Amino acid sequence: MSQILVFNNEVAAAVEAIVDEAKPNGLFIITDTNVRREVLPSLAEQSPAVARACVIECEPGDEAKNLRTLSEIWSRLVAGGCSRSSLIINLGGGVVTDMGGFAAATFKRGVKFINIPTTLLAAVDASVGGKTGINFEGLKNEIGVFREAVAVIISTCFFGSLPREELLSGYAEMLKHGLLDSEEAVDMLLDFPIENCDEPKELLQLLKKSVAVKQRVVEADPHEHGLRKALNLGHTMAHAMEGLALKTGSHLAHGYAVARGLVADLVLSHMKHGFPSERLHSVAAFVKSRYGAPEFTCDDYDTLIQLMRHDKKNIDPETINFTLLAAPGDIRLDSTATPQEITAALDITRDLLGC
Ligand SMILES: NC(=O)c1ccc[n+]([C@@H]2O[C@H](COP(=O)([O-])OP(=O)(O)OC[C@H]3O[C@@H](n4cnc5c(N)ncnc54)[C@H](O)[C@@H]3O)[C@@H](O)[C@H]2O)c1
Ligand SMILES: O=C(O)C(=O)C[C@@H](O)[C@H](O)[C@H](O)COP(=O)(O)O
Ligand SMILES: [Zn+2]
């Protein structure tokens, strides 16, 4: 199914147009507590469709992206009489678009859904490309399906209430897209004043460019048989760090894990594919100044490596798969590293990020 991708700050008008066209039998909004408070009231004021929708509210954060919350969403859909002719709107960050997309894809074997991302991370990454799912047994996105939203409305108008940490979290995925694209893209991103950007149009343009990098890859390989593994740059390491945080009950925003995972992957890229040292250092300096040092120590390496053995790119748990780079834009899929190499890369990463 082809997806409607709208880049527009007139979100209410876009929702009305989509709902008018779809004429759903029942409209549901899946969201979280923070988004319900910060975003929903003004959207409902401007959109009669949103105002009359049945709202399903979840706890916020990755810690809630689990089977229990999913089951609660399914129960609310049953109670609200959701049918295959209904439409679900996922209004929120990546947790809502991942879990709401999975709830929609599995409820009665599939209800159409649209994504309205309210974080930078969801706008630039999670809301597009069709990966949906939940965490399971401390493993990131362990259960899920590929299912595209019928429409995604990408806007910068929700970012005003977004905490700085969440803005930076999304920026890490933009940096990932830049690294997959070119030297010029990385230079531009390292210079962009993301924390003080008062030009929504300029930011929307940057989002468009970033999403285009993802869209090109997803169109070529929607179900990650090959090229799509590129979008997992930094994520073998990042998901292990997030798994560790889930184990210890500490909060770690996905993008913070990705930022540090990118540095660790660039270290491995340098070791294994000659990724330029100056570029590694410029990215590491940026990550250190914005995201700070990672929380793990050398005592956590065994746990991290054990978590990496569950990475979805692996063919077997003995061989840990990474997406690496020989240079920005020069992608090396299916690179592997031994536990010794990973340990060395983690040591260097901690040095670079100032542990
Ligand atoms: N499917 C994919 O391709 C994909 C890509 C990247 C990340 N992800 C997943 O996305 C999740 C991370 O997404 P995220 O960073 O958006 O986190 P999130 O959904 O947890 O949102 C971050 C926080 O911001 C709050 N929030 C959201 N919008 C707000 C707004 N406009 N104003 C104020 N607060 C707001 C949320 O309530 C939450 O507390 C992770 O689970 C990650 O695995 C999926
Ligand atoms: O869209 C993709 O493909 C990605 O890998 C994007 C990632 O940023 C995202 O975090 C994704 O959820 C990771 O997927 P997973 O399959 O490694 O769990
Ligand atoms: Zn990610």
# chains A, B, ... in the order shown; residues from 1 in each chain; ligands from 1
call {"tool": "residues_near_ligand", "arguments": {"ligand": "ligand 3", "cutoff": "7 Å", "atoms": "only C-alpha atoms and all ligand atoms", "output": "MDAnalysis selection string"}}
result
chainID A and resid 173 232 235 254:255 258
call {"tool": "write_last_selection", "arguments": {"atoms": "C-alpha atoms", "output": "mmCIF file, in the first residue's frame"}}
result
data_model
loop_
_atom_site.group_PDB
_atom_site.id
_atom_site.type_symbol
_atom_site.label_atom_id
_atom_site.label_comp_id
_atom_site.auth_asym_id
_atom_site.auth_seq_id
_atom_site.Cartn_x
_atom_site.Cartn_y
_atom_site.Cartn_z
ATOM 1 C CA GLU A 173 18.866 9.581 14.452
ATOM 2 C CA ASN A 232 20.621 0.083 12.162
ATOM 3 C CA HIS A 235 21.957 0.207 17.020
ATOM 4 C CA HIS A 254 16.707 5.856 22.666
ATOM 5 C CA GLY A 255 18.547 8.672 20.892
ATOM 6 C CA VAL A 258 22.047 5.790 19.523
#
call {"tool": "residues_near_ligand", "arguments": {"ligand": "ligand 1", "cutoff": "8 Å", "atoms": "only C-alpha atoms and all ligand atoms", "output": "PyMOL selection string"}}
result
chain A and resi 32-35+38-39+59-62+65+92-98+117-122+125-135+140-141+158-163+166+169-170+173+253-255
call {"tool": "select_by_dssp", "arguments": {"residues": "region 30-270 of chain A", "states": "alpha helix (DSSP H)", "output": "PyMOL selection string"}}
result
chain A and resi 33-38+40-46+48-52+67-79+94-106+120-121+164-181+183-191+200-220+235-248+254-270
call {"tool": "residues_around", "arguments": {"residues": "Leu304 (chain A)", "least_positions_apart": "5", "cutoff": "7 Å", "atoms": "only C-alpha atoms", "output": "PyMOL selection string"}}
result
chain A and resi 240-241+244
call {"tool": "write_last_selection", "arguments": {"atoms": "N, CA and C atoms", "output": "tab-separated table (two decimals), in the first residue's frame"}}
result
chain	number	residue	atom	x	y	z
A	240	ALA	N	21.82	-2.70	23.05
A	240	ALA	CA	22.40	-3.37	24.22
A	240	ALA	C	22.42	-2.40	25.41
A	241	MET	N	22.79	-1.13	25.16
A	241	MET	CA	22.78	-0.13	26.26
A	241	MET	C	21.37	0.06	26.80
A	244	LEU	N	20.43	-2.89	28.90
A	244	LEU	CA	21.06	-2.77	30.22
A	244	LEU	C	20.27	-1.81	31.10
call {"tool": "atom_distance", "arguments": {"atom1": "CA of Arg164 (chain A)", "atom2": "CA of Gly261 (chain A)"}}
result
19.8 Å
call {"tool": "select_by_dssp", "arguments": {"residues": "region 130-298 of chain A", "states": "strand (DSSP E)", "output": "PyMOL selection string"}}
result
chain A and resi 131-136+139-146+151-154
call {"tool": "residues_around", "arguments": {"residues": "Asp302 (chain A)", "least_positions_apart": "3", "cutoff": "12 Å", "atoms": "only C-alpha atoms", "output": "PDB file with N, CA and C atoms, in the first residue's frame"}}
result
ATOM      1  N   ALA A 240      21.823  -2.696  23.047  1.00  0.00           N
ATOM      2  CA  ALA A 240      22.404  -3.367  24.218  1.00  0.00           C
ATOM      3  C   ALA A 240      22.423  -2.395  25.407  1.00  0.00           C
ATOM      4  N   MET A 241      22.786  -1.128  25.162  1.00  0.00           N
ATOM      5  CA  MET A 241      22.782  -0.134  26.258  1.00  0.00           C
ATOM      6  C   MET A 241      21.368   0.055  26.797  1.00  0.00           C
ATOM      7  N   LEU A 244      20.427  -2.892  28.902  1.00  0.00           N
ATOM      8  CA  LEU A 244      21.063  -2.775  30.220  1.00  0.00           C
ATOM      9  C   LEU A 244      20.267  -1.808  31.097  1.00  0.00           C
ATOM     10  N   PHE A 296      27.488   3.124  31.430  1.00  0.00           N
ATOM     11  CA  PHE A 296      28.019   1.787  31.716  1.00  0.00           C
ATOM     12  C   PHE A 296      29.516   1.837  32.027  1.00  0.00           C
ATOM     13  N   THR A 297      29.997   0.789  32.708  1.00  0.00           N
ATOM     14  CA  THR A 297      31.422   0.676  33.010  1.00  0.00           C
ATOM     15  C   THR A 297      31.926  -0.645  32.424  1.00  0.00           C
ATOM     16  N   CYS A 298      33.226  -0.919  32.623  1.00  0.00           N
ATOM     17  CA  CYS A 298      33.753  -2.172  32.066  1.00  0.00           C
ATOM     18  C   CYS A 298      33.124  -3.402  32.738  1.00  0.00           C
ATOM     19  N   ASP A 299      32.573  -3.210  33.928  1.00  0.00           N
ATOM     20  CA  ASP A 299      31.878  -4.331  34.586  1.00  0.00           C
ATOM     21  C   ASP A 299      30.624  -4.760  33.818  1.00  0.00           C
ATOM     22  N   ILE A 305      27.533  -7.466  25.794  1.00  0.00           N
ATOM     23  CA  ILE A 305      27.838  -8.404  24.689  1.00  0.00           C
ATOM     24  C   ILE A 305      26.779  -9.512  24.633  1.00  0.00           C
ATOM     25  N   GLN A 306      26.335  -9.962  25.800  1.00  0.00           N
ATOM     26  CA  GLN A 306      25.246 -10.961  25.814  1.00  0.00           C
ATOM     27  C   GLN A 306      23.991 -10.395  25.145  1.00  0.00           C
ATOM     28  N   LEU A 307      23.674  -9.137  25.440  1.00  0.00           N
ATOM     29  CA  LEU A 307      22.500  -8.505  24.817  1.00  0.00           C
ATOM     30  C   LEU A 307      22.698  -8.383  23.299  1.00  0.00           C
ATOM     31  N   MET A 308      23.925  -8.075  22.874  1.00  0.00           N
ATOM     32  CA  MET A 308      24.196  -7.947  21.422  1.00  0.00           C
ATOM     33  C   MET A 308      23.991  -9.271  20.693  1.00  0.00           C
ATOM     34  N   ARG A 309      24.128 -10.383  21.427  1.00  0.00           N
ATOM     35  CA  ARG A 309      23.922 -11.703  20.798  1.00  0.00           C
ATOM     36  C   ARG A 309      22.467 -11.897  20.365  1.00  0.00           C
ATOM     37  N   PRO A 339      34.061 -10.579  20.512  1.00  0.00           N
ATOM     38  CA  PRO A 339      33.926  -9.942  21.835  1.00  0.00           C
ATOM     39  C   PRO A 339      35.156  -9.114  22.193  1.00  0.00           C
ATOM     40  N   GLN A 340      36.350  -9.571  21.792  1.00  0.00           N
ATOM     41  CA  GLN A 340      37.571  -8.803  22.101  1.00  0.00           C
ATOM     42  C   GLN A 340      37.542  -7.458  21.372  1.00  0.00           C
ATOM     43  N   ILE A 342      34.886  -5.885  20.322  1.00  0.00           N
ATOM     44  CA  ILE A 342      33.806  -5.056  20.898  1.00  0.00           C
ATOM     45  C   ILE A 342      34.287  -4.430  22.210  1.00  0.00           C
ATOM     46  N   THR A 343      34.979  -5.224  23.016  1.00  0.00           N
ATOM     47  CA  THR A 343      35.518  -4.711  24.284  1.00  0.00           C
ATOM     48  C   THR A 343      36.467  -3.541  24.031  1.00  0.00           C
ATOM     49  N   LEU A 346      34.471  -0.518  23.026  1.00  0.00           N
ATOM     50  CA  LEU A 346      33.763   0.098  24.162  1.00  0.00           C
ATOM     51  C   LEU A 346      34.739   0.889  25.036  1.00  0.00           C
TER      52      LEU A 346
END
call {"tool": "closest_residue", "arguments": {"among": "A:Phe322, A:Phe7, A:Phe192, A:Tyr291", "to": "ligand 2", "atoms": "only C-alpha atoms and all ligand atoms"}}
result
A:Phe322
call {"tool": "atom_distance", "arguments": {"atom1": "CA of Leu266 (chain A)", "atom2": "CA of Ser289 (chain A)"}}
result
17.1 Å
call {"tool": "closest_residue", "arguments": {"among": "A:Ile348, A:Leu70, A:Arg76, A:Ser42", "to": "Cys54 (chain A)", "atoms": "only C-alpha atoms"}}
result
A:Arg76
call {"tool": "closest_residue", "arguments": {"among": "A:Leu353, A:Leu203, A:Ala245, A:Ala172", "to": "ligand 2", "atoms": "only C-alpha atoms and all ligand atoms"}}
result
A:Ala172
call {"tool": "closest_residue", "arguments": {"among": "A:Pro222, A:Pro294, A:Gly329, A:Gly110", "to": "ligand 2", "atoms": "only C-alpha atoms and all ligand atoms"}}
result
A:Pro222
